[in-house]
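Visitor: Provided below: input_8.csv, containing CSV, C-alpha atoms.
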chain,number,residue,atom,x,y,z
L,189,MET,CA,103.5,92.5,124.1
L,190,LYS,CA,100.7,91.4,126.4
L,191,PHE,CA,97.0,90.8,125.7
L,192,GLU,CA,94.8,91.8,128.6
L,193,ASP,CA,92.2,89.5,127.1
L,194,ASP,CA,90.2,86.8,128.9
L,195,ILE,CA,89.6,84.8,125.7
L,196,VAL,CA,93.3,84.7,124.7
L,197,ASN,CA,94.4,83.8,128.3
L,198,THR,CA,91.8,81.0,128.7
L,199,VAL,CA,92.5,79.5,125.3
L,200,THR,CA,96.2,79.6,126.0
L,201,ARG,CA,95.7,78.0,129.5
L,202,ILE,CA,93.7,75.2,127.9
L,203,ILE,CA,95.7,74.5,124.8
L,204,LEU,CA,99.3,75.0,126.0
L,205,PRO,CA,99.7,71.5,127.7
L,206,PHE,CA,98.6,69.8,124.5
L,207,ILE,CA,101.0,71.8,122.3
L,208,THR,CA,103.9,71.0,124.6
L,209,LEU,CA,102.9,67.3,124.9
L,210,PHE,CA,102.6,67.1,121.1
L,211,GLY,CA,106.1,68.6,120.7
L,212,LEU,CA,107.5,66.1,123.3
L,213,TYR,CA,105.8,63.3,121.5
L,214,LEU,CA,107.4,64.3,118.2
L,215,ILE,CA,110.8,64.4,119.8
L,216,ILE,CA,110.5,61.1,121.6
L,217,HIS,CA,109.0,59.2,118.6
L,218,VAL,CA,111.6,60.3,116.2
L,219,HIS,CA,112.4,56.8,114.8
L,220,LEU,CA,108.8,55.5,114.7
L,221,SER,CA,106.7,58.3,113.2
L,222,PRO,CA,107.0,61.5,111.2
L,223,GLY,CA,108.6,64.3,113.1
L,224,GLY,CA,111.9,64.5,115.0
L,225,GLY,CA,114.1,66.8,116.9
L,226,PHE,CA,113.7,69.8,114.7
L,227,SER,CA,109.9,69.6,114.3
L,228,GLY,CA,109.2,68.8,117.9
L,229,GLY,CA,111.5,71.5,119.2
L,230,THR,CA,109.8,74.0,116.9
L,231,VAL,CA,106.4,73.0,118.4
L,232,VAL,CA,107.7,73.3,122.0
L,233,GLY,CA,109.3,76.7,121.2
L,234,ALA,CA,106.1,78.0,119.6
L,235,GLY,CA,104.2,77.0,122.7
L,236,PHE,CA,106.5,79.0,124.8
L,237,VAL,CA,106.1,82.0,122.5
L,238,LEU,CA,102.4,81.7,122.8
L,239,PHE,CA,102.7,81.6,126.6
L,240,SER,CA,104.9,84.8,126.7
L,241,LEU,CA,102.5,86.5,124.2
L,242,SER,CA,99.4,85.9,126.3
L,243,PHE,CA,100.8,86.2,129.9
L,244,GLY,CA,103.6,88.7,129.4
L,245,ILE,CA,107.3,88.2,129.0
L,246,SER,CA,108.0,88.9,132.7
L,247,ILE,CA,106.1,85.7,133.8
L,248,GLN,CA,107.9,83.7,131.1
L,249,GLU,CA,111.2,85.2,132.4
L,250,LYS,CA,110.4,83.6,135.8
L,251,LYS,CA,109.7,80.1,134.2
L,252,LEU,CA,112.7,80.2,131.8
L,253,SER,CA,115.1,83.1,131.9
L,254,HIS,CA,116.9,84.5,129.0
L,255,ARG,CA,120.3,83.3,130.3
L,256,THR,CA,119.0,79.8,130.9
L,257,SER,CA,117.6,79.5,127.4
L,258,ALA,CA,120.8,80.8,125.9
L,259,LEU,CA,122.8,78.2,128.0
L,260,LEU,CA,120.4,75.4,126.9
L,261,GLU,CA,120.9,76.4,123.3
L,262,SER,CA,124.7,76.0,123.6
L,263,TYR,CA,124.6,72.8,125.6
L,264,GLY,CA,122.2,71.2,123.1
L,265,GLY,CA,124.8,71.5,120.4
L,266,LEU,CA,127.5,70.3,122.8
L,267,TRP,CA,125.5,67.2,123.8
L,268,TYR,CA,125.4,66.2,120.1
L,269,VAL,CA,129.2,66.5,119.8
L,270,LEU,CA,129.8,64.6,123.1
L,271,LEU,CA,127.6,61.8,122.0
L,272,GLY,CA,129.6,61.6,118.8
L,273,PHE,CA,132.8,61.3,120.9
L,274,VAL,CA,131.5,58.4,122.9
L,275,ALA,CA,132.0,56.0,120.0
L,276,LEU,CA,135.6,57.1,119.7
L,277,PHE,CA,136.5,55.8,123.2
L,278,TYR,CA,135.2,52.4,122.1
L,279,GLY,CA,137.4,52.4,119.0
L,280,TYR,CA,134.8,53.1,116.3
L,281,ASN,CA,134.2,56.1,114.0
L,282,PHE,CA,132.6,59.4,115.1
L,283,LEU,CA,128.9,59.0,115.7
L,284,THR,CA,128.9,55.2,115.4
L,285,ASN,CA,125.5,53.8,116.4
L,286,ASP,CA,125.3,50.0,116.2
L,287,PRO,CA,127.8,48.3,118.4
L,288,VAL,CA,128.2,51.1,121.0
L,289,PHE,CA,124.6,51.9,121.8
L,290,GLY,CA,122.3,48.9,121.9
L,291,LEU,CA,119.7,48.9,119.1
L,292,GLY,CA,117.0,46.9,120.9
L,293,GLN,CA,113.8,45.5,119.6
L,294,SER,CA,112.7,47.2,116.3
L,295,GLY,CA,109.5,49.1,116.7
L,296,SER,CA,109.6,49.6,120.5
L,297,LEU,CA,110.0,53.1,122.0
L,298,PHE,CA,113.6,52.9,123.3
L,299,SER,CA,115.1,51.0,120.4
L,300,SER,CA,117.3,53.1,118.2
L,301,GLY,CA,120.3,53.9,120.5
L,302,LEU,CA,122.0,57.0,119.4
L,303,VAL,CA,119.2,58.5,117.3
L,304,ILE,CA,116.8,59.2,120.2
L,305,LEU,CA,119.5,60.6,122.4
L,306,VAL,CA,120.8,63.0,119.7
L,307,ASN,CA,117.3,64.1,118.9
L,308,ILE,CA,116.5,65.0,122.5
L,309,GLY,CA,119.5,67.3,122.5
L,310,LEU,CA,118.4,68.7,119.1
L,311,GLY,CA,114.9,69.3,120.3
L,312,VAL,CA,116.2,71.2,123.3
L,313,LYS,CA,118.5,73.3,121.1
L,314,VAL,CA,115.8,74.2,118.6
L,315,ALA,CA,113.2,75.1,121.2
L,316,SER,CA,115.5,77.3,123.2
L,317,THR,CA,116.8,78.9,119.9
L,318,ILE,CA,113.2,80.0,119.1
L,319,ILE,CA,112.6,81.3,122.6
L,320,THR,CA,115.9,83.2,122.5
L,321,LEU,CA,115.1,84.7,119.1
L,322,PHE,CA,111.7,85.9,120.4
L,323,ASP,CA,113.2,87.2,123.6
L,324,SER,CA,116.0,89.1,121.8
L,325,LEU,CA,113.6,90.6,119.3
L,326,GLY,CA,110.7,91.2,121.6
L,327,GLY,CA,111.9,92.1,125.1
L,328,GLU,CA,109.8,94.2,127.4
L,329,GLU,CA,108.9,97.1,125.2
L,330,LEU,CA,107.2,95.1,122.4
Z,149,MET,CA,88.2,64.3,93.9
Z,150,ILE,CA,91.4,64.8,95.9
Z,151,GLU,CA,93.2,65.8,92.7
Z,152,LEU,CA,90.6,68.6,92.3
Z,153,PHE,CA,91.2,69.6,95.9
Z,154,ASN,CA,95.0,69.8,95.3
Z,155,PHE,CA,94.5,71.7,92.0
Z,156,ILE,CA,92.3,74.3,93.8
Z,157,LEU,CA,94.9,74.6,96.6
Z,158,LEU,CA,97.7,75.1,94.1
Z,159,ILE,CA,95.7,77.9,92.3
Z,160,ILE,CA,95.1,79.6,95.7
Z,161,LEU,CA,98.8,79.3,96.5
Z,162,ILE,CA,99.9,81.0,93.3
Z,163,ILE,CA,97.3,83.8,93.8
Z,164,VAL,CA,98.4,84.4,97.4
Z,165,VAL,CA,102.1,84.5,96.5
Z,166,ILE,CA,101.5,87.1,93.8
Z,167,VAL,CA,99.4,89.2,96.2
Z,168,VAL,CA,102.1,88.9,98.9
Z,169,ALA,CA,104.7,90.3,96.4
Z,170,GLN,CA,102.5,93.1,95.2
Z,171,ILE,CA,100.7,94.4,98.3
Z,172,ARG,CA,101.9,97.6,100.0
Z,173,ASP,CA,100.6,97.1,103.5
Z,174,LEU,CA,103.2,95.0,105.3
Z,175,LEU,CA,100.9,93.6,108.0
Z,176,SER,CA,98.6,92.3,105.4
Z,177,ALA,CA,101.6,90.8,103.6
Z,178,VAL,CA,102.6,89.0,106.8
Z,179,ILE,CA,99.1,87.6,107.3
Z,180,LEU,CA,98.9,86.5,103.7
Z,181,PHE,CA,102.3,84.9,104.1
Z,182,THR,CA,100.9,82.9,107.0
Z,183,VAL,CA,98.1,81.8,104.7
Z,184,PHE,CA,100.6,80.7,102.1
Z,185,ASN,CA,102.5,78.6,104.6
Z,186,LEU,CA,99.3,77.0,105.8
Z,187,ILE,CA,98.2,76.0,102.3
Z,188,LEU,CA,101.8,74.8,101.5
Z,189,SER,CA,101.7,72.7,104.6
Z,190,LEU,CA,98.4,71.0,103.4
Z,191,LEU,CA,100.1,70.4,100.0
Z,192,TRP,CA,103.2,68.9,101.7
Z,193,GLN,CA,100.9,66.5,103.4
Z,194,GLN,CA,99.2,65.6,100.2
Z,195,MET,CA,102.6,65.0,98.6
Z,196,ARG,CA,103.2,62.4,101.4
Z,197,ALA,CA,105.8,64.4,103.3
Z,198,PRO,CA,104.2,64.7,106.7
Z,199,ASP,CA,107.6,65.6,108.3
Z,200,VAL,CA,108.0,68.7,106.2
Z,201,ALA,CA,104.3,69.5,106.7
Z,202,ILE,CA,104.6,69.5,110.5
Z,203,THR,CA,107.7,71.7,110.3
Z,204,GLU,CA,106.1,74.1,107.8
Z,205,ALA,CA,102.9,74.4,110.0
Z,206,ALA,CA,104.8,75.1,113.2
Z,207,LEU,CA,107.7,77.2,111.9
Z,208,GLY,CA,106.2,78.9,108.8
Z,209,ALA,CA,102.7,79.6,110.1
Z,210,GLY,CA,103.5,80.1,113.7
Z,211,VAL,CA,106.9,81.4,114.6
Z,212,THR,CA,107.7,83.3,111.4
Z,213,ALA,CA,104.5,85.3,111.6
Z,214,VAL,CA,105.2,86.3,115.3
Z,215,LEU,CA,108.7,87.4,114.5
Z,216,LEU,CA,107.6,89.4,111.4
Z,217,VAL,CA,104.8,91.1,113.3
Z,218,ALA,CA,107.3,92.0,116.1
Z,219,THR,CA,109.6,93.4,113.4
Z,220,ILE,CA,106.7,95.5,111.9
Z,221,SER,CA,105.8,96.8,115.4
Z,222,LYS,CA,109.4,98.1,115.8
Z,223,THR,CA,109.6,99.7,112.3
Z,224,ARG,CA,106.8,101.2,110.1
Z,225,ARG,CA,103.8,99.5,108.6
Z,226,GLN,CA,103.7,100.9,105.1
Z,227,GLU,CA,106.1,100.0,102.4
Z,228,ARG,CA,107.8,103.1,100.8
Before anything else, please render the file you have as structure tokens.

Guide:
Amino acid sequence: MKFEDDIVNTVTRIILPFITLFGLYLIIHVHLSPGGGFSGGTVVGAGFVLFSLSFGISIQEKKLSHRTSALLESYGGLWYVLLGFVALFYGYNFLTNDPVFGLGQSGSLFSSGLVILVNIGLGVKVASTIITLFDSLGGEEL
Amino acid sequence: MIELFNFILLIILIIVVIVVAQIRDLLSAVILFTVFNLILSLLWQQMRAPDVAITEAALGAGVTAVLLVATISKTRRQER
């Protein structure tokens, strides 16, 4: 599906950086403000869906191919599990946060140790899941 | 004042849900479902759940509508 429309293309060109930046803000500020990996990943994925709707799915395939997004989806889940196993090597339980990863100053950006790392992987997984869903359902002939 | 606003939003929400269940044209049903998700997102924000509101606005009103319109364009538009 591709709109040969100047209004849709121009509005997408203007608004797409802000959508992606807002999604990344939601992912990074998971422990400080509302939002998180799931919400931010959904916003980033919706931005990519808007991009491929307005510019055509072949240009989106050049930016982020179907195989790359499928791989990112799998490695996002694997990243979560591997971060859980880090605490096991230090002798703590699975997904232990406090003594293994430093907590830092409360209220600053890089302060929550495991939470922000897990949510970055979760955001990548959710965003690439939405892109893969749209690619699998849509494809070229939509 | 804000209670009246929430009450009007709830009434519109119930009307939209009944119309979505009753309407025969599937494309109109998808558009009304998007309206339902948008109103529900405003109501989540009024109920002090901004996290759920962000997810509802992005997933319910954005991605679900695109996926359902893609499904309709692959099948037929009228309900039998």

Visitor: L:Gly229, L:Gly309, L:Gly326, L:Gly279: which is nearest chain Z, counting only C-alpha atoms?

Guide: L:Gly326

Visitor: Env of range 284-292 of chain L: 10 Å cut, atoms = all atoms listed in the file, seq-sep filter 4 positions within chain, self excluded. Answer as JSON, numbers by chain.

Guide: {"L": [271, 272, 273, 274, 275, 276, 277, 278, 279, 280, 296, 297, 298, 299, 300, 301, 302, 303]}

Visitor: Taking only C-alpha atoms into account, name the residue in L:His254, L:Gly295, L:Ser246, L:Leu283 that is nearest to Ser324 in chain L.

Guide: L:His254

Visitor: Up to 8 Å from chain L, what residues of chain Z turn up? Count all atoms listed in the file and give them as a PyMOL selection string.

Guide: chain Z and resi 198-199+202-203+206-207+210-211+215+218-219+221-222

Visitor: With a distance cut-off of 12 Å and all atoms listed in the file, select the neighbouring residues of Thr198 in chain L, excluding the residue or stretch itself and same-chain residues fewer than 5 positions from it, and output the selection as number ranges by chain.

Guide: L: 191-193, 203-204, 239, 242-243

Visitor: Please identify all polymer residues within 12 Å of Ala169 in chain Z, counting all atoms listed in the file, omitting same-chain residues fewer than 6 positions from it, and present them as a PDB file with C-alpha atoms, in the coordinates of the input.

Guide:
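Contents of selection_10.pdb, freshly written:
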ATOM      1  CA  ILE Z 162      99.900  81.000  93.300  1.00  0.00           C
ATOM      2  CA  ILE Z 163      97.300  83.800  93.800  1.00  0.00           C
ATOM      3  CA  SER Z 176      98.600  92.300 105.400  1.00  0.00           C
ATOM      4  CA  ALA Z 177     101.600  90.800 103.600  1.00  0.00           C
ATOM      5  CA  VAL Z 178     102.600  89.000 106.800  1.00  0.00           C
ATOM      6  CA  LEU Z 180      98.900  86.500 103.700  1.00  0.00           C
ATOM      7  CA  PHE Z 181     102.300  84.900 104.100  1.00  0.00           C
ATOM      8  CA  PHE Z 184     100.600  80.700 102.100  1.00  0.00           C
ATOM      9  CA  GLU Z 227     106.100 100.000 102.400  1.00  0.00           C
TER      10      GLU Z 227
END

Visitor: Work out how far apart CA of Glu204 in chain Z and CA of Ser189 in chain Z are and give it in Å to one decimal.

Guide: 5.6 Å

Visitor: In Å to one decimal, how far is CA of Phe236 in chain L from CA of Arg225 in chain Z?

Guide: 26.3 Å
